[in-house]
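The file start14.cif comes next; it holds mmCIF, C-alpha atoms (C1' of nucleotides).
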data_my_file
loop_
_atom_site.label_atom_id
_atom_site.label_comp_id
_atom_site.auth_asym_id
_atom_site.auth_seq_id
_atom_site.Cartn_x
_atom_site.Cartn_y
_atom_site.Cartn_z
CA MET U 1028 15.13 -2.14 -5.23
CA GLY U 1029 12.07 -1.61 -3.07
CA ALA U 1030 12.17 2.17 -2.82
CA SER U 1031 9.69 4.23 -4.82
CA LYS U 1032 11.08 6.87 -7.15
CA THR U 1033 8.92 9.56 -5.57
CA GLN U 1034 11.03 12.40 -6.92
CA HIS U 1035 9.73 11.76 -10.42
CA PHE U 1036 6.09 12.29 -9.55
CA THR U 1037 4.09 15.34 -8.57
CA ASP U 1038 3.56 16.31 -4.94
CA LYS U 1039 -0.10 15.59 -5.34
CA GLN U 1040 0.50 12.14 -6.74
CA ASN U 1041 2.90 11.33 -3.92
CA GLU U 1042 0.55 12.68 -1.27
CA MET U 1043 -2.38 10.73 -2.69
CA ALA U 1044 -0.28 7.57 -2.86
CA LEU U 1045 0.81 7.94 0.77
CA LEU U 1046 -2.77 8.23 1.97
CA MET U 1047 -3.81 5.24 -0.12
CA LYS U 1048 -0.85 3.24 1.10
CA ALA U 1049 -1.66 4.04 4.72
CA LEU U 1050 -5.14 2.62 4.16
CA GLY U 1051 -3.82 -0.31 2.13
CA HIS U 1052 -3.96 -2.83 4.96
CA PRO U 1053 -7.11 -4.44 6.39
CA ALA U 1054 -6.01 -3.83 9.97
CA ARG U 1055 -5.75 -0.12 9.32
CA ILE U 1056 -9.10 -0.10 7.53
CA ALA U 1057 -10.52 -1.90 10.57
CA ILE U 1058 -9.08 0.73 12.90
CA ILE U 1059 -10.66 3.52 10.87
CA ASP U 1060 -13.95 1.57 10.71
CA TYR U 1061 -13.92 1.24 14.46
CA LEU U 1062 -13.14 4.89 15.12
CA LEU U 1063 -15.99 5.82 12.81
CA LYS U 1064 -18.38 3.36 14.44
CA VAL U 1065 -17.88 4.62 17.95
CA ASN U 1066 -18.03 8.16 16.60
CA THR U 1067 -15.74 9.55 19.23
CA CYS U 1068 -12.22 9.35 20.55
CA ILE U 1069 -11.02 6.05 21.89
CA CYS U 1070 -8.80 5.93 24.90
CA GLY U 1071 -7.80 2.37 25.45
CA ASP U 1072 -9.61 -0.46 23.73
CA ILE U 1073 -8.32 -0.45 20.18
CA VAL U 1074 -5.98 -3.35 20.84
CA ASN U 1075 -8.85 -5.53 22.08
CA GLU U 1076 -10.83 -4.79 18.94
CA LEU U 1077 -8.22 -6.25 16.62
CA PRO U 1078 -6.99 -9.82 16.10
CA LEU U 1079 -3.38 -8.72 16.33
CA ALA U 1080 -0.77 -8.46 19.05
CA GLN U 1081 -0.40 -5.17 20.87
CA PRO U 1082 2.93 -4.17 19.27
CA THR U 1083 1.47 -4.79 15.83
CA VAL U 1084 -1.57 -2.64 16.53
CA SER U 1085 0.67 0.07 17.93
CA GLN U 1086 2.65 -0.01 14.71
CA HIS U 1087 -0.47 0.31 12.55
CA LEU U 1088 -1.68 3.20 14.68
CA LYS U 1089 1.67 4.88 14.20
CA GLU U 1090 1.38 4.58 10.43
CA LEU U 1091 -2.11 6.02 10.41
CA LYS U 1092 -0.88 8.86 12.59
CA ASN U 1093 2.12 9.49 10.34
CA ALA U 1094 -0.21 9.70 7.36
CA GLY U 1095 -2.29 12.22 9.30
CA LEU U 1096 -5.42 10.07 9.20
CA ILE U 1097 -5.76 9.85 12.97
CA LYS U 1098 -4.75 12.03 15.87
CA GLY U 1099 -3.51 10.83 19.23
CA ASN U 1100 -3.25 12.63 22.53
CA ILE U 1101 -1.87 11.46 25.83
CA GLU U 1102 -4.72 11.03 28.28
CA GLY U 1103 -3.49 9.85 31.65
CA ASN U 1104 -1.75 6.52 31.15
CA ALA U 1105 -3.72 5.85 28.00
CA ILE U 1106 -3.62 7.40 24.56
CA CYS U 1107 -6.71 8.93 23.08
CA TYR U 1108 -7.07 8.28 19.36
CA CYS U 1109 -9.54 9.69 16.90
CA ILE U 1110 -10.09 10.42 13.22
CA ASP U 1111 -8.31 13.47 11.84
CA GLU U 1112 -11.19 14.92 9.86
CA SER U 1113 -9.14 17.52 8.05
CA THR U 1114 -6.98 14.91 6.32
CA PHE U 1115 -10.01 12.87 5.37
CA LEU U 1116 -11.61 15.96 3.88
CA LYS U 1117 -8.49 16.62 1.85
CA PHE U 1118 -8.53 13.00 0.75
CA GLN U 1119 -12.17 13.32 -0.20
CA ASN U 1120 -11.38 16.37 -2.33
CA PHE U 1121 -8.64 14.49 -4.15
CA LEU U 1122 -11.00 11.63 -4.84
CA SER U 1123 -13.87 13.83 -5.89
CA GLU U 1124 -11.72 15.08 -8.74
CA VAL U 1125 -10.88 11.54 -9.76
CA PHE U 1126 -14.41 10.26 -9.55
CA GLY U 1127 -15.65 13.34 -11.33
CA LYS U 1128 -13.44 12.57 -14.29
CA ILE U 1129 -14.62 8.99 -14.33
CA GLN U 1130 -18.22 10.10 -14.72
CA VAL U 1131 -17.48 11.84 -18.00
CA GLN U 1132 -15.14 9.17 -19.35
CA LYS U 1133 -16.19 8.25 -22.86
CA ASN U 1134 -15.02 6.46 -25.99
CA ASN U 1135 -13.93 3.35 -24.18
CA CYS U 1136 -12.77 0.49 -26.31
CA CYS U 1137 -12.10 -2.02 -23.53
CA MET L 1066 6.44 -11.90 8.87
CA GLY L 1067 5.35 -9.66 6.01
CA ALA L 1068 2.06 -11.37 5.17
CA SER L 1069 -1.17 -9.71 6.24
CA LYS L 1070 -3.58 -11.71 8.39
CA THR L 1071 -6.44 -11.12 5.98
CA GLN L 1072 -8.52 -14.01 7.34
CA HIS L 1073 -9.26 -12.05 10.49
CA PHE L 1074 -10.89 -9.14 8.74
CA THR L 1075 -14.16 -8.76 6.87
CA ASP L 1076 -14.40 -9.23 3.12
CA LYS L 1077 -15.23 -5.59 2.77
CA GLN L 1078 -12.22 -4.49 4.77
CA ASN L 1079 -9.94 -6.73 2.73
CA GLU L 1080 -11.45 -5.58 -0.56
CA MET L 1081 -11.12 -1.94 0.41
CA ALA L 1082 -7.52 -2.47 1.53
CA LEU L 1083 -6.61 -4.14 -1.76
CA LEU L 1084 -7.95 -1.23 -3.78
CA MET L 1085 -6.14 1.26 -1.55
CA LYS L 1086 -2.95 -0.75 -1.77
CA ALA L 1087 -3.14 -0.87 -5.56
CA LEU L 1088 -3.33 2.92 -5.59
CA GLY L 1089 -0.67 3.25 -2.91
CA HIS L 1090 2.17 4.00 -5.30
CA PRO L 1091 2.77 7.28 -7.13
CA ALA L 1092 3.45 5.52 -10.43
CA ARG L 1093 0.07 3.84 -10.29
CA ILE L 1094 -1.62 7.10 -9.34
CA ALA L 1095 0.15 8.68 -12.31
CA ILE L 1096 -1.13 5.95 -14.62
CA ILE L 1097 -4.70 6.51 -13.43
CA ASP L 1098 -4.23 10.30 -13.73
CA TYR L 1099 -3.07 9.85 -17.30
CA LEU L 1100 -5.90 7.54 -18.28
CA LEU L 1101 -8.34 10.05 -16.85
CA LYS L 1102 -6.66 12.98 -18.58
CA VAL L 1103 -6.79 11.47 -22.05
CA ASN L 1104 -10.34 10.37 -21.30
CA THR L 1105 -10.16 7.32 -23.52
CA CYS L 1106 -8.35 4.05 -23.96
CA ILE L 1107 -4.63 4.16 -24.47
CA CYS L 1108 -3.00 1.78 -26.87
CA GLY L 1109 0.70 2.30 -26.63
CA ASP L 1110 2.15 5.35 -24.97
CA ILE L 1111 1.86 4.70 -21.27
CA VAL L 1112 5.51 3.69 -20.94
CA ASN L 1113 6.66 6.98 -22.46
CA GLU L 1114 4.53 8.93 -19.99
CA LEU L 1115 6.32 7.53 -16.96
CA PRO L 1116 9.87 7.98 -15.65
CA LEU L 1117 10.30 4.24 -15.24
CA ALA L 1118 11.66 1.39 -17.30
CA GLN L 1119 9.28 -0.59 -19.45
CA PRO L 1120 9.24 -3.75 -17.30
CA THR L 1121 8.47 -1.67 -14.22
CA VAL L 1122 5.57 0.07 -15.90
CA SER L 1123 4.30 -3.27 -17.13
CA GLN L 1124 4.36 -4.55 -13.57
CA HIS L 1125 2.41 -1.56 -12.24
CA LEU L 1126 -0.14 -1.98 -15.01
CA LYS L 1127 -0.49 -5.63 -14.03
CA GLU L 1128 -1.20 -4.69 -10.43
CA LEU L 1129 -3.81 -2.14 -11.41
CA LYS L 1130 -5.39 -4.75 -13.66
CA ASN L 1131 -5.35 -7.38 -10.90
CA ALA L 1132 -7.10 -4.93 -8.60
CA GLY L 1133 -9.71 -4.39 -11.31
CA LEU L 1134 -8.97 -0.68 -11.59
CA ILE L 1135 -8.05 -0.83 -15.26
CA LYS L 1136 -8.97 -3.08 -18.15
CA GLY L 1137 -6.64 -4.18 -20.93
CA ASN L 1138 -7.39 -5.68 -24.30
CA ILE L 1139 -5.08 -6.91 -26.98
CA GLU L 1140 -5.25 -4.53 -29.91
CA GLY L 1141 -2.96 -5.55 -32.71
CA ASN L 1142 0.59 -5.69 -31.37
CA ALA L 1143 -0.27 -3.19 -28.68
CA ILE L 1144 -2.41 -3.42 -25.57
CA CYS L 1145 -5.32 -1.09 -25.07
CA TYR L 1146 -5.71 0.06 -21.48
CA CYS L 1147 -8.47 2.05 -19.88
CA ILE L 1148 -10.15 2.78 -16.56
CA ASP L 1149 -12.54 0.12 -15.29
CA GLU L 1150 -15.36 2.38 -14.28
CA SER L 1151 -17.33 -0.27 -12.44
CA THR L 1152 -14.55 -0.86 -9.91
CA PHE L 1153 -14.10 2.85 -9.38
CA LEU L 1154 -17.80 3.23 -8.78
CA LYS L 1155 -17.69 0.45 -6.19
CA PHE L 1156 -14.70 2.15 -4.62
CA GLN L 1157 -16.58 5.42 -4.59
CA ASN L 1158 -19.50 3.78 -2.82
CA PHE L 1159 -17.20 2.35 -0.16
CA LEU L 1160 -15.69 5.75 0.39
CA SER L 1161 -18.99 7.58 0.42
CA GLU L 1162 -19.94 5.56 3.47
CA VAL L 1163 -16.68 6.43 5.18
CA PHE L 1164 -16.81 10.10 4.35
CA GLY L 1165 -20.46 10.22 5.33
CA LYS L 1166 -19.60 8.99 8.80
CA ILE L 1167 -16.83 11.52 9.07
CA GLN L 1168 -19.24 14.35 8.47
CA VAL L 1169 -21.29 13.45 11.53
CA GLN L 1170 -18.32 12.65 13.77
CA LYS L 1171 -18.70 14.49 17.07
CA ASN L 1172 -17.37 14.62 20.62
CA ASN L 1173 -13.75 14.69 19.59
CA CYS L 1174 -11.25 15.13 22.35
CA CYS L 1175 -8.10 15.19 20.22
"C1'" DT T 153 7.67 2.90 47.08
"C1'" DA T 154 6.13 -1.18 44.61
"C1'" DT T 155 3.02 -2.88 41.47
"C1'" DC T 156 -0.18 -2.69 37.80
"C1'" DT T 157 -1.82 -1.09 33.37
"C1'" DT T 158 -1.28 0.76 29.01
"C1'" DT T 159 1.24 2.04 25.08
"C1'" DA T 160 5.70 2.46 22.61
"C1'" DT T 161 10.04 0.77 20.99
"C1'" DC T 162 13.58 -2.65 19.85
"C1'" DG T 163 15.08 -6.60 17.59
"C1'" DT T 164 14.29 -10.01 14.45
"C1'" DA T 165 12.21 -13.28 11.12
"C1'" DA T 166 9.27 -13.94 7.19
"C1'" DT T 167 7.44 -12.10 3.29
"C1'" DA T 168 6.29 -8.38 -0.11
"C1'" DT T 169 7.41 -4.58 -3.05
"C1'" DT T 170 10.08 -1.93 -6.27
"C1'" DG T 171 12.99 -1.55 -10.11
"C1'" DC T 172 15.49 -2.99 -14.02
"C1'" DA T 173 18.46 -5.87 -17.31
"C1'" DA T 174 17.84 -9.67 -20.04
"C1'" DT T 175 14.86 -12.27 -22.48
"C1'" DA T 176 10.47 -13.98 -24.35
"C1'" DT T 177 6.29 -13.25 -26.85
"C1'" DT T 178 3.42 -11.66 -30.40
"C1'" DA T 179 1.80 -9.29 -34.21
"C1'" DA T 180 2.64 -5.85 -37.71
"C1'" DA T 181 5.69 -4.33 -41.41
"C1'" DA T 182 9.24 -4.83 -44.72
"C1'" DT Y 1229 10.46 -14.99 -43.95
"C1'" DT Y 1230 13.09 -11.62 -41.53
"C1'" DT Y 1231 12.88 -7.59 -39.07
"C1'" DT Y 1232 10.78 -4.33 -36.18
"C1'" DA Y 1233 7.91 -2.69 -32.42
"C1'" DA Y 1234 5.36 -3.20 -28.27
"C1'" DT Y 1235 4.38 -5.54 -24.20
"C1'" DA Y 1236 5.10 -9.39 -20.84
"C1'" DT Y 1237 7.89 -12.41 -18.09
"C1'" DT Y 1238 11.93 -13.97 -15.61
"C1'" DG Y 1239 15.45 -13.40 -12.38
"C1'" DC Y 1240 17.63 -10.83 -9.21
"C1'" DA Y 1241 19.14 -7.16 -5.85
"C1'" DA Y 1242 17.75 -3.61 -2.69
"C1'" DT Y 1243 14.50 -2.12 0.34
"C1'" DA Y 1244 9.95 -2.09 2.77
"C1'" DT Y 1245 6.27 -4.22 5.28
"C1'" DT Y 1246 4.16 -7.19 8.59
"C1'" DA Y 1247 4.07 -9.50 12.81
"C1'" DC Y 1248 5.33 -10.46 17.42
"C1'" DG Y 1249 8.23 -11.53 21.73
"C1'" DA Y 1250 10.83 -8.99 24.83
"C1'" DT Y 1251 11.44 -4.93 26.96
"C1'" DA Y 1252 10.99 -0.04 28.09
"C1'" DA Y 1253 8.43 3.99 29.55
"C1'" DA Y 1254 5.11 6.37 32.17
"C1'" DG Y 1255 1.20 7.34 34.69
"C1'" DA Y 1256 -2.27 5.18 37.99
"C1'" DT Y 1257 -3.09 2.60 42.03
"C1'" DA Y 1258 -2.30 0.04 46.14
#

What is this structure when it is put down as structure tokens?
Amino acid sequence: MGASKTQHFTDKQNEMALLMKALGHPARIAIIDYLLKVNTCICGDIVNELPLAQPTVSQHLKELKNAGLIKGNIEGNAICYCIDESTFLKFQNFLSEVFGKIQVQKNNCC
Amino acid sequence: MGASKTQHFTDKQNEMALLMKALGHPARIAIIDYLLKVNTCICGDIVNELPLAQPTVSQHLKELKNAGLIKGNIEGNAICYCIDESTFLKFQNFLSEVFGKIQVQKNNCC
DNA sequence: TATCTTTATCGTAATATTGCAATATTAAAA
DNA sequence: TTTTAATATTGCAATATTACGATAAAGATA
């Protein structure tokens, strides 16, 4: 089929999965890496940083934006992109719960 | 095309993306949630916990196993699955770096 | 205004993912 | 040995993703 049966899962599970999926491509990880490295908004040179054609980069940026992981504002004839910290913090909270449970995992037989 | 150009990205970026991708489906998040909830290995009732057919669940389990997020051992005529803590810890380390950089992000214009 | 620069969108091809019915596999139980 | 139970694999259809050339859109610049 190809379409996930999202209606059968909790909102939290779906939300978590969407964030993970948005980061589930090396180009999008690279974009986030870059935005973190420069530690500021980027108005213009993301395309040059990636080994992909401009339409492809634009598409990846769109997906990150849809997931709420980055923000983009029009800035003259360029677009200014940066990390959306609030979504990352929410993501971090999700993951803290998960990792917290892992710490106390016991009785493994595998 | 449909195939990612993984060769152009760093090993770390590709590794991170694969883990994210493996968790980028609500059914797989639900499987991890369940394994964490029961806090032990599960030999048998994962299929009943999910609103999906048995072959579909089996496929999701395979993907989680390929990504190293869960371990599975043959246990009689059942399979015993549990969280692979070492992979999650590696994942957590990756993410700690990312979230650490987010904390000090400044000069945002968006 | 005409041109340049930058980013987005459209269209399309190649490939991947999701889901399940049917079937296979494997070991326990009868 | 036959049956039962649990999980995996195969095969397929529907849909999604990835990538990019061509083109559009929109502001800057000459």

So how far away is atom C1' of T:DA176 from atom CA of L:Asn1113, in Å?
->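 Distance between the two atoms: 21.4 Å.
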
For atom C1' of T:DA154 and atom C1' of Y:DA1253, quote the distance in Å rounded to one decimal.
->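 Those two atoms sit 16.1 Å apart.
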
Restricting the calculation to only C-alpha atoms, which member of U:Ala1044, U:Ile1058, U:Val1065, U:Asp1111 is positioned closest to U:Ser1085?
->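 Smallest distance to U:Ser1085 is found for U:Ile1058.
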
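Here the PyMOL selection byres ((chain Y) within 7 of (chain L)) catches exactly these residues: Y:DA1234, Y:DT1235, Y:DT1245, Y:DT1246, Y:DA1247.
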
Decode the PyMOL selection byres ((chain L and resi 1134) around 10) for the given file into explicit residues and return them as a list in words.
-> Leu1084, Ala1087, Leu1088, Ile1097, Leu1126, Glu1128, Leu1129, Lys1130, Asn1131, Ala1132, Gly1133, Ile1135, Lys1136, Cys1147, Ile1148, Asp1149, Glu1150, Ser1151, Thr1152, Phe1153 and Phe1156 of chain L

I need the residues from that last selection saved to file as a CSV table (one decimal), in the frame of the given file (with C-alpha atoms), if you can.
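Written file, result.csv:
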chain,number,residue,atom,x,y,z
L,1084,LEU,CA,-8.0,-1.2,-3.8
L,1087,ALA,CA,-3.1,-0.9,-5.6
L,1088,LEU,CA,-3.3,2.9,-5.6
L,1097,ILE,CA,-4.7,6.5,-13.4
L,1126,LEU,CA,-0.1,-2.0,-15.0
L,1128,GLU,CA,-1.2,-4.7,-10.4
L,1129,LEU,CA,-3.8,-2.1,-11.4
L,1130,LYS,CA,-5.4,-4.8,-13.7
L,1131,ASN,CA,-5.4,-7.4,-10.9
L,1132,ALA,CA,-7.1,-4.9,-8.6
L,1133,GLY,CA,-9.7,-4.4,-11.3
L,1135,ILE,CA,-8.0,-0.8,-15.3
L,1136,LYS,CA,-9.0,-3.1,-18.2
L,1147,CYS,CA,-8.5,2.0,-19.9
L,1148,ILE,CA,-10.2,2.8,-16.6
L,1149,ASP,CA,-12.5,0.1,-15.3
L,1150,GLU,CA,-15.4,2.4,-14.3
L,1151,SER,CA,-17.3,-0.3,-12.4
L,1152,THR,CA,-14.6,-0.9,-9.9
L,1153,PHE,CA,-14.1,2.8,-9.4
L,1156,PHE,CA,-14.7,2.2,-4.6

Which residues match the PyMOL selection byres ((chain U and resi 1123) around 12) in the file above, as a ChimeraX atom specification?
-> /U:1115-1122,1124-1130 /L:1153-1154,1156-1158,1160-1161,1164

Straight-line distance linking atom CA of U:Ala1057 with atom C1' of T:DA168, stated in Å to one decimal =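 The value is 20.9 Å.
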
Can you check which residues of chain T have any atom within 6 Å of chain L? Use all atoms listed in the file and format it as an mmCIF file with C-alpha atoms (C1' of nucleotides), in the coordinates of the input.
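After the write, out16.cif holds the following:
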data_model
loop_
_atom_site.group_PDB
_atom_site.id
_atom_site.type_symbol
_atom_site.label_atom_id
_atom_site.label_comp_id
_atom_site.auth_asym_id
_atom_site.auth_seq_id
_atom_site.Cartn_x
_atom_site.Cartn_y
_atom_site.Cartn_z
ATOM 1 C "C1'" DA T 166 9.270 -13.940 7.190
ATOM 2 C "C1'" DT T 167 7.440 -12.100 3.290
ATOM 3 C "C1'" DA T 179 1.800 -9.290 -34.210
#

Residues of chain U no more than 7 Å from chain L, counting only C-alpha atoms: send them over as a CSV table (one decimal) with C-alpha atoms, in the coordinates of the input.
chain,number,residue,atom,x,y,z
U,1033,THR,CA,8.9,9.6,-5.6
U,1035,HIS,CA,9.7,11.8,-10.4
U,1036,PHE,CA,6.1,12.3,-9.6
U,1040,GLN,CA,0.5,12.1,-6.7
U,1041,ASN,CA,2.9,11.3,-3.9
U,1044,ALA,CA,-0.3,7.6,-2.9
U,1045,LEU,CA,0.8,7.9,0.8
U,1047,MET,CA,-3.8,5.2,-0.1
U,1048,LYS,CA,-0.8,3.2,1.1
U,1050,LEU,CA,-5.1,2.6,4.2
U,1051,GLY,CA,-3.8,-0.3,2.1
U,1052,HIS,CA,-4.0,-2.8,5.0
U,1053,PRO,CA,-7.1,-4.4,6.4
U,1056,ILE,CA,-9.1,-0.1,7.5
U,1057,ALA,CA,-10.5,-1.9,10.6
U,1063,LEU,CA,-16.0,5.8,12.8
U,1066,ASN,CA,-18.0,8.2,16.6
U,1067,THR,CA,-15.7,9.6,19.2
U,1068,CYS,CA,-12.2,9.4,20.6
U,1078,PRO,CA,-7.0,-9.8,16.1
U,1098,LYS,CA,-4.8,12.0,15.9
U,1099,GLY,CA,-3.5,10.8,19.2
U,1100,ASN,CA,-3.2,12.6,22.5
U,1109,CYS,CA,-9.5,9.7,16.9
U,1112,GLU,CA,-11.2,14.9,9.9
U,1128,LYS,CA,-13.4,12.6,-14.3
U,1129,ILE,CA,-14.6,9.0,-14.3
U,1132,GLN,CA,-15.1,9.2,-19.4
U,1133,LYS,CA,-16.2,8.2,-22.9
U,1134,ASN,CA,-15.0,6.5,-26.0
U,1135,ASN,CA,-13.9,3.4,-24.2
U,1136,CYS,CA,-12.8,0.5,-26.3
U,1137,CYS,CA,-12.1,-2.0,-23.5

Nearest to T:DT161, chosen from Y:DA1252, Y:DA1258, Y:DA1236, Y:DA1241, with all atoms listed in the file counted in the distances | Y:DA1252
